[in-house]
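Peer 1: You'll find structure.pdb just under this line, and it carries PDB, C-alpha atoms.
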```
MODEL        1
ATOM      1  CA  MET I   1       0.000   0.000   0.000  1.00  0.00           C
ATOM      2  CA  LYS I   2       2.850   2.355   0.827  1.00  0.00           C
ATOM      3  CA  ALA I   3       4.442   1.647  -2.542  1.00  0.00           C
ATOM      4  CA  LEU I   4       1.142   2.298  -4.345  1.00  0.00           C
ATOM      5  CA  ALA I   5       0.651   5.512  -2.420  1.00  0.00           C
ATOM      6  CA  ALA I   6       4.175   6.592  -3.305  1.00  0.00           C
ATOM      7  CA  ARG I   7       3.543   6.003  -7.014  1.00  0.00           C
ATOM      8  CA  ARG I   8       0.318   7.987  -6.816  1.00  0.00           C
ATOM      9  CA  HIS I   9       2.220  10.940  -5.345  1.00  0.00           C
ATOM     10  CA  HIS I  10       5.107  10.659  -7.790  1.00  0.00           C
ATOM     11  CA  ARG I  11       6.181  13.994  -9.243  1.00  0.00           C
ATOM     12  CA  PHE I  12       5.304  12.850 -12.769  1.00  0.00           C
ATOM     13  CA  ALA I  13       1.781  11.725 -11.791  1.00  0.00           C
ATOM     14  CA  PRO I  14       0.135  15.105 -12.673  1.00  0.00           C
ATOM     15  CA  VAL I  15       1.786  15.025 -16.095  1.00  0.00           C
ATOM     16  CA  VAL I  16       0.531  11.502 -16.757  1.00  0.00           C
ATOM     17  CA  LEU I  17      -2.980  12.436 -15.640  1.00  0.00           C
ATOM     18  CA  LEU I  18      -2.921  15.533 -17.872  1.00  0.00           C
ATOM     19  CA  LEU I  19      -1.853  13.470 -20.881  1.00  0.00           C
ATOM     20  CA  LEU I  20      -4.601  10.938 -20.196  1.00  0.00           C
ATOM     21  CA  ALA I  21      -7.182  13.724 -19.905  1.00  0.00           C
ATOM     22  CA  LEU I  22      -6.029  15.228 -23.196  1.00  0.00           C
ATOM     23  CA  LEU I  23      -6.180  11.817 -24.861  1.00  0.00           C
ATOM     24  CA  VAL I  24      -9.731  11.195 -23.644  1.00  0.00           C
ATOM     25  CA  THR I  25     -10.829  14.730 -24.624  1.00  0.00           C
ATOM     26  CA  GLY I  26      -9.334  14.317 -28.100  1.00  0.00           C
ATOM     27  CA  GLY I  27     -11.034  10.958 -28.568  1.00  0.00           C
ATOM     28  CA  VAL I  28     -14.434  12.327 -27.518  1.00  0.00           C
ATOM     29  CA  TYR I  29     -14.043  15.343 -29.807  1.00  0.00           C
ATOM     30  CA  ALA I  30     -13.043  13.171 -32.758  1.00  0.00           C
ATOM     31  CA  ALA I  31     -16.115  11.024 -32.196  1.00  0.00           C
ATOM     32  CA  LEU I  32     -18.607  13.870 -31.774  1.00  0.00           C
ATOM     33  CA  ALA I  33     -17.228  16.724 -33.875  1.00  0.00           C
ATOM     34  CA  PRO I  34     -18.928  17.359 -37.218  1.00  0.00           C
ATOM     35  CA  THR I  35     -17.138  15.952 -40.214  1.00  0.00           C
ATOM     36  CA  PRO I  36     -16.226  18.292 -43.066  1.00  0.00           C
ATOM     37  CA  ALA I  37     -19.529  19.078 -44.721  1.00  0.00           C
ATOM     38  CA  ASN I  38     -20.177  16.865 -47.733  1.00  0.00           C
ATOM     39  CA  ALA I  39     -16.544  15.739 -47.694  1.00  0.00           C
ATOM     40  CA  GLU I  40     -17.559  12.136 -47.068  1.00  0.00           C
ATOM     41  CA  THR I  41     -19.908  11.989 -50.046  1.00  0.00           C
ATOM     42  CA  ALA I  42     -17.750  14.076 -52.386  1.00  0.00           C
ATOM     43  CA  SER I  43     -15.331  12.211 -54.612  1.00  0.00           C
ATOM     44  CA  THR I  44     -11.672  13.072 -54.903  1.00  0.00           C
ATOM     45  CA  GLU I  45     -12.363  14.186 -58.460  1.00  0.00           C
ATOM     46  CA  ASP I  46     -15.060  16.628 -57.273  1.00  0.00           C
ATOM     47  CA  ILE I  47     -12.706  18.091 -54.674  1.00  0.00           C
ATOM     48  CA  GLU I  48      -9.904  18.474 -57.217  1.00  0.00           C
ATOM     49  CA  THR I  49     -12.248  20.099 -59.745  1.00  0.00           C
ATOM     50  CA  GLY I  50     -13.586  22.365 -57.010  1.00  0.00           C
ATOM     51  CA  GLN I  51     -10.031  23.392 -56.166  1.00  0.00           C
ATOM     52  CA  LYS I  52      -9.386  24.354 -59.791  1.00  0.00           C
ATOM     53  CA  LEU I  53     -12.611  26.389 -59.877  1.00  0.00           C
ATOM     54  CA  PHE I  54     -11.602  28.055 -56.635  1.00  0.00           C
ATOM     55  CA  GLN I  55      -8.131  28.913 -57.890  1.00  0.00           C
ATOM     56  CA  ALA I  56      -9.564  30.427 -61.078  1.00  0.00           C
ATOM     57  CA  ASN I  57     -12.451  32.391 -59.533  1.00  0.00           C
ATOM     58  CA  CYS I  58     -12.011  32.880 -55.799  1.00  0.00           C
ATOM     59  CA  ALA I  59      -8.300  32.819 -54.906  1.00  0.00           C
ATOM     60  CA  THR I  60      -7.723  36.459 -55.872  1.00  0.00           C
ATOM     61  CA  CYS I  61      -9.751  37.597 -52.852  1.00  0.00           C
ATOM     62  CA  HIS I  62      -9.716  34.611 -50.489  1.00  0.00           C
ATOM     63  CA  GLY I  63      -6.124  33.512 -51.082  1.00  0.00           C
ATOM     64  CA  PRO I  64      -4.728  30.517 -52.997  1.00  0.00           C
ATOM     65  CA  ASN I  65      -5.488  28.142 -50.112  1.00  0.00           C
ATOM     66  CA  ALA I  66      -8.640  29.942 -48.899  1.00  0.00           C
ATOM     67  CA  GLU I  67      -6.615  31.285 -45.995  1.00  0.00           C
ATOM     68  CA  GLY I  68      -8.059  34.766 -46.434  1.00  0.00           C
ATOM     69  CA  THR I  69      -6.540  38.126 -47.346  1.00  0.00           C
ATOM     70  CA  GLU I  70      -6.930  41.740 -46.288  1.00  0.00           C
ATOM     71  CA  SER I  71      -9.961  42.074 -48.554  1.00  0.00           C
ATOM     72  CA  ALA I  72     -11.737  38.763 -47.847  1.00  0.00           C
ATOM     73  CA  PRO I  73     -12.032  36.342 -44.909  1.00  0.00           C
ATOM     74  CA  SER I  74     -10.627  32.852 -44.586  1.00  0.00           C
ATOM     75  CA  LEU I  75     -12.926  30.078 -45.770  1.00  0.00           C
ATOM     76  CA  VAL I  76     -11.297  27.306 -43.756  1.00  0.00           C
ATOM     77  CA  GLY I  77     -14.033  25.788 -41.604  1.00  0.00           C
ATOM     78  CA  VAL I  78     -16.990  27.695 -43.076  1.00  0.00           C
ATOM     79  CA  GLY I  79     -18.420  24.435 -44.449  1.00  0.00           C
ATOM     80  CA  ALA I  80     -20.276  23.472 -47.597  1.00  0.00           C
ATOM     81  CA  ALA I  81     -23.503  25.173 -46.504  1.00  0.00           C
ATOM     82  CA  SER I  82     -21.907  28.618 -46.563  1.00  0.00           C
ATOM     83  CA  VAL I  83     -20.411  28.059 -50.020  1.00  0.00           C
ATOM     84  CA  ASP I  84     -23.670  26.679 -51.387  1.00  0.00           C
ATOM     85  CA  PHE I  85     -25.626  29.675 -50.072  1.00  0.00           C
ATOM     86  CA  GLN I  86     -23.237  32.339 -51.314  1.00  0.00           C
ATOM     87  CA  VAL I  87     -22.594  30.800 -54.740  1.00  0.00           C
ATOM     88  CA  SER I  88     -26.113  29.549 -55.524  1.00  0.00           C
ATOM     89  CA  THR I  89     -27.577  33.003 -54.835  1.00  0.00           C
ATOM     90  CA  GLY I  90     -24.959  34.720 -56.994  1.00  0.00           C
ATOM     91  CA  ARG I  91     -23.612  36.728 -54.070  1.00  0.00           C
ATOM     92  CA  MET I  92     -20.217  35.186 -54.715  1.00  0.00           C
ATOM     93  CA  PRO I  93     -18.117  35.948 -56.622  1.00  0.00           C
ATOM     94  CA  MET I  94     -18.932  39.581 -55.844  1.00  0.00           C
ATOM     95  CA  GLN I  95     -19.514  41.888 -58.778  1.00  0.00           C
ATOM     96  CA  MET I  96     -18.185  44.952 -56.949  1.00  0.00           C
ATOM     97  CA  ASP I  97     -17.381  46.171 -53.462  1.00  0.00           C
ATOM     98  CA  GLY I  98     -20.241  47.547 -51.413  1.00  0.00           C
ATOM     99  CA  PRO I  99     -21.884  47.504 -47.990  1.00  0.00           C
ATOM    100  CA  GLN I 100     -22.938  43.898 -48.642  1.00  0.00           C
ATOM    101  CA  ALA I 101     -22.859  41.290 -51.394  1.00  0.00           C
ATOM    102  CA  LEU I 102     -25.960  41.601 -53.551  1.00  0.00           C
ATOM    103  CA  GLN I 103     -27.951  38.700 -54.932  1.00  0.00           C
ATOM    104  CA  LYS I 104     -27.594  38.326 -58.705  1.00  0.00           C
ATOM    105  CA  PRO I 105     -27.774  35.599 -61.367  1.00  0.00           C
ATOM    106  CA  ARG I 106     -25.523  32.725 -60.370  1.00  0.00           C
ATOM    107  CA  GLN I 107     -22.252  32.183 -62.240  1.00  0.00           C
ATOM    108  CA  PHE I 108     -21.867  28.478 -61.496  1.00  0.00           C
ATOM    109  CA  ASP I 109     -24.311  25.664 -62.153  1.00  0.00           C
ATOM    110  CA  GLU I 110     -25.424  23.103 -59.563  1.00  0.00           C
ATOM    111  CA  GLU I 111     -22.563  20.703 -60.275  1.00  0.00           C
ATOM    112  CA  GLN I 112     -19.881  23.391 -60.134  1.00  0.00           C
ATOM    113  CA  THR I 113     -21.375  24.808 -56.942  1.00  0.00           C
ATOM    114  CA  ALA I 114     -21.274  21.347 -55.354  1.00  0.00           C
ATOM    115  CA  GLN I 115     -17.642  20.946 -56.421  1.00  0.00           C
ATOM    116  CA  LEU I 116     -16.661  24.296 -54.918  1.00  0.00           C
ATOM    117  CA  ALA I 117     -18.503  23.382 -51.717  1.00  0.00           C
ATOM    118  CA  ALA I 118     -16.752  20.004 -51.597  1.00  0.00           C
ATOM    119  CA  TYR I 119     -13.336  21.615 -51.921  1.00  0.00           C
ATOM    120  CA  VAL I 120     -13.936  24.210 -49.204  1.00  0.00           C
ATOM    121  CA  ALA I 121     -15.477  21.527 -46.966  1.00  0.00           C
ATOM    122  CA  SER I 122     -12.327  19.432 -47.351  1.00  0.00           C
ATOM    123  CA  LEU I 123     -10.269  22.235 -45.777  1.00  0.00           C
ATOM    124  CA  GLY I 124     -11.977  21.996 -42.386  1.00  0.00           C
ATOM    125  CA  ALA I 125     -15.119  20.905 -40.589  1.00  0.00           C
ATOM    126  CA  GLY I 126     -18.135  23.171 -41.017  1.00  0.00           C
ATOM    127  CA  PRO I 127     -21.923  23.178 -41.445  1.00  0.00           C
ATOM    128  CA  ALA I 128     -23.176  20.713 -44.044  1.00  0.00           C
ATOM    129  CA  ILE I 129     -25.725  21.372 -46.762  1.00  0.00           C
ATOM    130  CA  PRO I 130     -29.118  20.402 -45.245  1.00  0.00           C
ATOM    131  CA  THR I 131     -31.003  17.354 -46.441  1.00  0.00           C
ATOM    132  CA  ASP I 132     -34.324  17.511 -48.278  1.00  0.00           C
ATOM    133  CA  GLU I 133     -36.085  16.344 -45.122  1.00  0.00           C
ATOM    134  CA  GLN I 134     -34.576  19.143 -43.046  1.00  0.00           C
ATOM    135  CA  VAL I 135     -35.966  21.817 -45.379  1.00  0.00           C
ATOM    136  CA  ASP I 136     -39.334  20.202 -46.130  1.00  0.00           C
ATOM    137  CA  ALA I 137     -41.913  22.849 -45.210  1.00  0.00           C
ATOM    138  CA  GLU I 138     -44.674  20.233 -45.171  1.00  0.00           C
ATOM    139  CA  LEU I 139     -43.068  18.687 -42.079  1.00  0.00           C
ATOM    140  CA  GLY I 140     -42.823  21.977 -40.176  1.00  0.00           C
ATOM    141  CA  ASN I 141     -45.080  23.600 -37.598  1.00  0.00           C
ATOM    142  CA  ILE I 142     -46.235  26.970 -38.954  1.00  0.00           C
ATOM    143  CA  ALA I 143     -47.394  28.349 -35.600  1.00  0.00           C
ATOM    144  CA  ASN I 144     -44.140  27.488 -33.850  1.00  0.00           C
ATOM    145  CA  GLY I 145     -42.165  28.832 -36.809  1.00  0.00           C
ATOM    146  CA  ALA I 146     -44.056  32.136 -36.587  1.00  0.00           C
ATOM    147  CA  ALA I 147     -43.185  32.476 -32.889  1.00  0.00           C
ATOM    148  CA  ILE I 148     -39.498  31.698 -33.485  1.00  0.00           C
ATOM    149  CA  PHE I 149     -39.276  34.018 -36.493  1.00  0.00           C
ATOM    150  CA  ARG I 150     -40.904  36.963 -34.734  1.00  0.00           C
ATOM    151  CA  THR I 151     -38.629  36.494 -31.731  1.00  0.00           C
ATOM    152  CA  ASN I 152     -35.347  36.172 -33.627  1.00  0.00           C
ATOM    153  CA  CYS I 153     -35.768  37.522 -37.161  1.00  0.00           C
ATOM    154  CA  ALA I 154     -38.634  40.016 -37.444  1.00  0.00           C
ATOM    155  CA  MET I 155     -36.615  43.005 -36.206  1.00  0.00           C
ATOM    156  CA  CYS I 156     -34.621  42.876 -39.456  1.00  0.00           C
ATOM    157  CA  HIS I 157     -36.694  40.889 -41.962  1.00  0.00           C
ATOM    158  CA  ASN I 158     -40.131  42.270 -40.975  1.00  0.00           C
ATOM    159  CA  ALA I 159     -42.801  40.209 -39.197  1.00  0.00           C
ATOM    160  CA  VAL I 160     -43.707  38.274 -42.362  1.00  0.00           C
ATOM    161  CA  GLY I 161     -40.298  38.190 -44.099  1.00  0.00           C
ATOM    162  CA  ALA I 162     -40.796  41.259 -46.316  1.00  0.00           C
ATOM    163  CA  GLY I 163     -37.276  42.547 -45.564  1.00  0.00           C
ATOM    164  CA  GLY I 164     -36.128  45.850 -44.135  1.00  0.00           C
ATOM    165  CA  ALA I 165     -33.400  48.497 -44.005  1.00  0.00           C
ATOM    166  CA  LEU I 166     -30.327  48.230 -41.773  1.00  0.00           C
ATOM    167  CA  SER I 167     -27.556  50.687 -40.943  1.00  0.00           C
ATOM    168  CA  GLU I 168     -24.671  51.818 -43.187  1.00  0.00           C
ATOM    169  CA  GLY I 169     -26.431  51.027 -46.453  1.00  0.00           C
ATOM    170  CA  LYS I 170     -27.125  47.401 -45.585  1.00  0.00           C
ATOM    171  CA  PHE I 171     -30.498  45.699 -45.689  1.00  0.00           C
ATOM    172  CA  ALA I 172     -32.239  42.471 -44.768  1.00  0.00           C
ATOM    173  CA  PRO I 173     -33.628  40.992 -48.009  1.00  0.00           C
ATOM    174  CA  PRO I 174     -37.211  39.777 -48.478  1.00  0.00           C
ATOM    175  CA  LEU I 175     -37.511  36.023 -48.004  1.00  0.00           C
ATOM    176  CA  TRP I 176     -40.584  35.159 -50.065  1.00  0.00           C
ATOM    177  CA  ASP I 177     -38.569  34.067 -53.107  1.00  0.00           C
ATOM    178  CA  THR I 178     -35.665  32.515 -51.200  1.00  0.00           C
ATOM    179  CA  SER I 179     -35.449  28.744 -51.569  1.00  0.00           C
ATOM    180  CA  GLU I 180     -36.134  26.572 -48.537  1.00  0.00           C
ATOM    181  CA  ARG I 181     -32.564  25.266 -48.610  1.00  0.00           C
ATOM    182  CA  ASN I 182     -31.087  28.755 -48.599  1.00  0.00           C
ATOM    183  CA  ILE I 183     -33.346  29.893 -45.755  1.00  0.00           C
ATOM    184  CA  TYR I 184     -31.973  27.015 -43.688  1.00  0.00           C
ATOM    185  CA  GLN I 185     -28.384  27.700 -44.776  1.00  0.00           C
ATOM    186  CA  ALA I 186     -28.692  31.391 -43.943  1.00  0.00           C
ATOM    187  CA  MET I 187     -29.802  30.548 -40.402  1.00  0.00           C
ATOM    188  CA  LEU I 188     -27.012  27.988 -40.108  1.00  0.00           C
ATOM    189  CA  THR I 189     -24.143  30.143 -41.399  1.00  0.00           C
ATOM    190  CA  GLY I 190     -25.173  33.754 -40.707  1.00  0.00           C
ATOM    191  CA  PRO I 191     -24.171  35.479 -43.943  1.00  0.00           C
ATOM    192  CA  GLN I 192     -23.019  39.112 -43.795  1.00  0.00           C
ATOM    193  CA  SER I 193     -24.884  41.069 -41.079  1.00  0.00           C
ATOM    194  CA  MET I 194     -27.052  38.125 -40.050  1.00  0.00           C
ATOM    195  CA  PRO I 195     -26.216  36.328 -36.778  1.00  0.00           C
ATOM    196  CA  VAL I 196     -25.545  32.598 -36.750  1.00  0.00           C
ATOM    197  CA  PHE I 197     -28.397  30.462 -35.421  1.00  0.00           C
ATOM    198  CA  ASN I 198     -26.562  27.197 -34.814  1.00  0.00           C
ATOM    199  CA  ASP I 199     -28.347  24.023 -33.783  1.00  0.00           C
ATOM    200  CA  ALA I 200     -27.862  24.841 -30.098  1.00  0.00           C
ATOM    201  CA  THR I 201     -29.711  28.147 -30.557  1.00  0.00           C
ATOM    202  CA  VAL I 202     -32.375  27.074 -33.042  1.00  0.00           C
ATOM    203  CA  THR I 203     -32.693  23.313 -33.487  1.00  0.00           C
ATOM    204  CA  PRO I 204     -32.993  21.721 -36.946  1.00  0.00           C
ATOM    205  CA  GLU I 205     -36.683  21.061 -36.277  1.00  0.00           C
ATOM    206  CA  GLU I 206     -37.227  24.709 -35.324  1.00  0.00           C
ATOM    207  CA  LYS I 207     -35.415  25.847 -38.463  1.00  0.00           C
ATOM    208  CA  ARG I 208     -37.834  23.723 -40.464  1.00  0.00           C
ATOM    209  CA  ASP I 209     -40.731  25.329 -38.592  1.00  0.00           C
ATOM    210  CA  VAL I 210     -39.426  28.774 -39.595  1.00  0.00           C
ATOM    211  CA  ILE I 211     -39.262  27.614 -43.215  1.00  0.00           C
ATOM    212  CA  ALA I 212     -42.860  26.382 -42.983  1.00  0.00           C
ATOM    213  CA  PHE I 213     -43.968  29.791 -41.678  1.00  0.00           C
ATOM    214  CA  LEU I 214     -42.164  31.710 -44.446  1.00  0.00           C
ATOM    215  CA  VAL I 215     -43.492  29.417 -47.164  1.00  0.00           C
ATOM    216  CA  ASP I 216     -46.989  29.951 -45.781  1.00  0.00           C
ATOM    217  CA  GLN I 217     -46.569  33.727 -46.232  1.00  0.00           C
ATOM    218  CA  ARG I 218     -46.258  33.177 -49.992  1.00  0.00           C
ATOM    219  CA  GLU I 219     -49.918  32.200 -50.134  1.00  0.00           C
ATOM    220  CA  GLY I 220     -50.977  35.834 -49.648  1.00  0.00           C
ATOM    221  CA  SER I 221     -52.552  37.799 -46.834  1.00  0.00           C
ATOM    222  CA  ALA I 222     -55.638  36.356 -45.154  1.00  0.00           C
ATOM    223  CA  GLY I 223     -56.690  39.910 -44.313  1.00  0.00           C
ATOM    224  CA  GLY I 224     -56.879  41.109 -47.908  1.00  0.00           C
ATOM    225  CA  LEU I 225     -54.523  43.619 -49.543  1.00  0.00           C
ATOM    226  CA  SER I 226     -51.146  43.359 -47.793  1.00  0.00           C
ATOM    227  CA  LEU I 227     -49.944  46.871 -48.749  1.00  0.00           C
ATOM    228  CA  GLY I 228     -46.426  45.507 -49.081  1.00  0.00           C
ATOM    229  CA  SER I 229     -46.547  43.825 -45.648  1.00  0.00           C
ATOM    230  CA  LEU I 230     -44.713  46.822 -44.184  1.00  0.00           C
ATOM    231  CA  GLY I 231     -47.016  47.160 -41.209  1.00  0.00           C
ATOM    232  CA  PRO I 232     -48.095  50.544 -39.815  1.00  0.00           C
ATOM    233  CA  VAL I 233     -45.984  52.517 -42.316  1.00  0.00           C
ATOM    234  CA  SER I 234     -47.928  51.569 -45.421  1.00  0.00           C
ATOM    235  CA  GLU I 235     -51.190  51.219 -43.495  1.00  0.00           C
ATOM    236  CA  GLY I 236     -50.844  54.717 -42.020  1.00  0.00           C
ATOM    237  CA  LEU I 237     -49.947  56.146 -45.427  1.00  0.00           C
ATOM    238  CA  TRP I 238     -53.022  54.504 -46.937  1.00  0.00           C
ATOM    239  CA  ALA I 239     -55.239  55.824 -44.136  1.00  0.00           C
ATOM    240  CA  TRP I 240     -53.990  59.416 -44.372  1.00  0.00           C
ATOM    241  CA  ILE I 241     -53.729  59.814 -48.133  1.00  0.00           C
ATOM    242  CA  VAL I 242     -56.548  57.597 -49.377  1.00  0.00           C
ATOM    243  CA  GLY I 243     -58.880  57.442 -46.371  1.00  0.00           C
ATOM    244  CA  MET I 244     -58.613  61.084 -45.363  1.00  0.00           C
ATOM    245  CA  GLY I 245     -58.613  62.134 -49.017  1.00  0.00           C
ATOM    246  CA  LEU I 246     -61.911  60.360 -49.604  1.00  0.00           C
ATOM    247  CA  LEU I 247     -63.433  61.920 -46.487  1.00  0.00           C
ATOM    248  CA  ILE I 248     -62.350  65.426 -47.527  1.00  0.00           C
ATOM    249  CA  GLY I 249     -63.601  64.819 -51.059  1.00  0.00           C
ATOM    250  CA  ALA I 250     -66.952  63.626 -49.700  1.00  0.00           C
ATOM    251  CA  ALA I 251     -67.209  66.683 -47.422  1.00  0.00           C
ATOM    252  CA  VAL I 252     -66.490  69.044 -50.328  1.00  0.00           C
ATOM    253  CA  TRP I 253     -69.031  67.268 -52.523  1.00  0.00           C
ATOM    254  CA  ILE I 254     -71.729  67.438 -49.831  1.00  0.00           C
ATOM    255  CA  GLY I 255     -70.974  71.120 -49.257  1.00  0.00           C
ATOM    256  CA  ALA I 256     -71.181  71.868 -52.983  1.00  0.00           C
ATOM    257  CA  LYS I 257     -74.487  70.017 -53.308  1.00  0.00           C
ATOM    258  CA  SER I 258     -76.065  71.900 -50.399  1.00  0.00           C
ATOM    259  CA  SER I 259     -75.060  75.365 -51.591  1.00  0.00           C
TER
ENDMDL
END
```
Go ahead and render the structure in this file as structure tokens.

Peer 2:
Amino acid sequence: MKALAARRHHRFAPVVLLLLALLVTGGVYAALAPTPANAETASTEDIETGQKLFQANCATCHGPNAEGTESAPSLVGVGAASVDFQVSTGRMPMQMDGPQALQKPRQFDEEQTAQLAAYVASLGAGPAIPTDEQVDAELGNIANGAAIFRTNCAMCHNAVGAGGALSEGKFAPPLWDTSERNIYQAMLTGPQSMPVFNDATVTPEEKRDVIAFLVDQREGSAGGLSLGSLGPVSEGLWAWIVGMGLLIGAAVWIGAKSS
């Protein structure tokens, strides 16, 4: 017992315990950490083709190895979802500098976009492109999605996703024409001024509920004319200009008839 106690209090015991703790922590992280998005399903050929596309179209700003430059951030670890969102919406490559990257016609087709995403995903673990089931609005809860959206998103995108102005020339775009996949990817990656809503903040099921709510808004307003869905601004303008104008016109007409 004395010998065992002596070994336990050996001067190298803390070092051994620290190494064991690091080994266990590393093993747990390797087992639970997300794999590079779409890297498992992407072929070596896709990754190599994606690298060539990246070198020809993206390296000028993001660096030859996507390490980032003074004018553009590093893409190591951003994941396939970020690449798919930015490239499929035409925001990248950027047409010109500005407060934010504007949506425009895409420059790469679906296959090329997937190859670019596969290459960037191979550089480091990051959010994966969501599955069809994850973005299926039919499986979402509209009421819960409305509550989540109005709590987390309405201050920028408007209560029904109509978009809105931000500071310094930036803006939150309308979401009615945004694909279900890109709505999910925007929440997952937080492009530009948008915060990241990772799975710990908004679960995958809740993201799908938000998608269901936004898709439901495309069916039109149950209350009639939406007036742009801008809330009291357009409604007040309508009331003052049209409503008050009609009342004044009616008053003038009645006065003219009675004279």

Peer 1: In terms of the shortest atom-to-atom distance over only C-alpha atoms, which of I:Glu168, I:Ser179, I:Val135, I:Ala121 is closest to Asp46 in chain I?

Peer 2: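 Of I:Glu168, I:Ser179, I:Val135, I:Ala121, the one nearest Asp46 in chain I is I:Ala121, counting only C-alpha atoms.
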
Peer 1: Any chance you could resolve the PyMOL selection byres ((chain I and resi 191) around 12) against this file and give the residues as a ChimeraX atom specification?

Peer 2: /I:78,81-87,89,91-92,100-102,172-173,182-190,192-197

Peer 1: Applying 12 Å and all atoms listed in the file, which residues near Asp209 in chain I remain after dropping the ones on its own chain fewer than 5 positions away? List them as a VMD selection string.

Peer 2: chain I and resid 134 to 149 180 183 to 184 202 to 204 214 to 216

Peer 1: Could you write out as a PyMOL selection string the residues that the PyMOL selection byres ((chain I and resi 158) around 10) matches in the shown file?

Peer 2: chain I and resi 149-150+153-157+159-165+172-175+229-231

Peer 1: Given the choices I:Pro99, I:Glu111, I:Gly236, I:Ile47, which gets closest to Phe171 in chain I if the distance is worked out from only C-alpha atoms?

Peer 2: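 For Phe171 in chain I, the nearest of the given residues is I:Pro99.
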
Peer 1: With distances taken over all atoms listed in the file, which residue among I:Ala56, I:Leu19, I:Ser122, I:Asn152 lies nearest Val210 in chain I?

Peer 2: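 Between I:Ala56, I:Leu19, I:Ser122, I:Asn152, the residue approaching Val210 in chain I most closely is I:Asn152.
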
Peer 1: Can you list, as JSON, numbers by chain, the residues that the PyMOL selection byres ((chain I and resi 116-119) around 12) selects here?

Peer 2: {"I": [36, 37, 38, 39, 40, 41, 42, 43, 44, 45, 46, 47, 48, 49, 50, 51, 52, 53, 54, 55, 56, 57, 58, 59, 65, 66, 75, 76, 77, 78, 79, 80, 81, 82, 83, 84, 85, 86, 87, 88, 92, 93, 108, 109, 110, 111, 112, 113, 114, 115, 120, 121, 122, 123, 124, 125, 126, 127, 128, 129]}

Peer 1: Do you have the CA of Arg208 in chain I-CA of Leu166 in chain I distance handy?

Peer 2: 25.7 Å

Peer 1: Give the answer as one residue: which of I:Pro130, I:Gly63, I:Gly90, I:Gly243 has the shortest atom-to-atom distance to Gln103 in chain I, using all atoms listed in the file?

Peer 2: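 Smallest distance to Gln103 in chain I is found for I:Gly90.
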
Peer 1: CA of Thr178 in chain I to CA of Asp97 in chain I: how many Å, to one decimal?

Peer 2: 22.9 Å

Peer 1: Enter the distance from CA of Glu206 in chain I to CA of Thr151 in chain I, in Å, rounded to one decimal.

Peer 2: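 Going from CA of Glu206 in chain I over to CA of Thr151 in chain I covers 12.4 Å.
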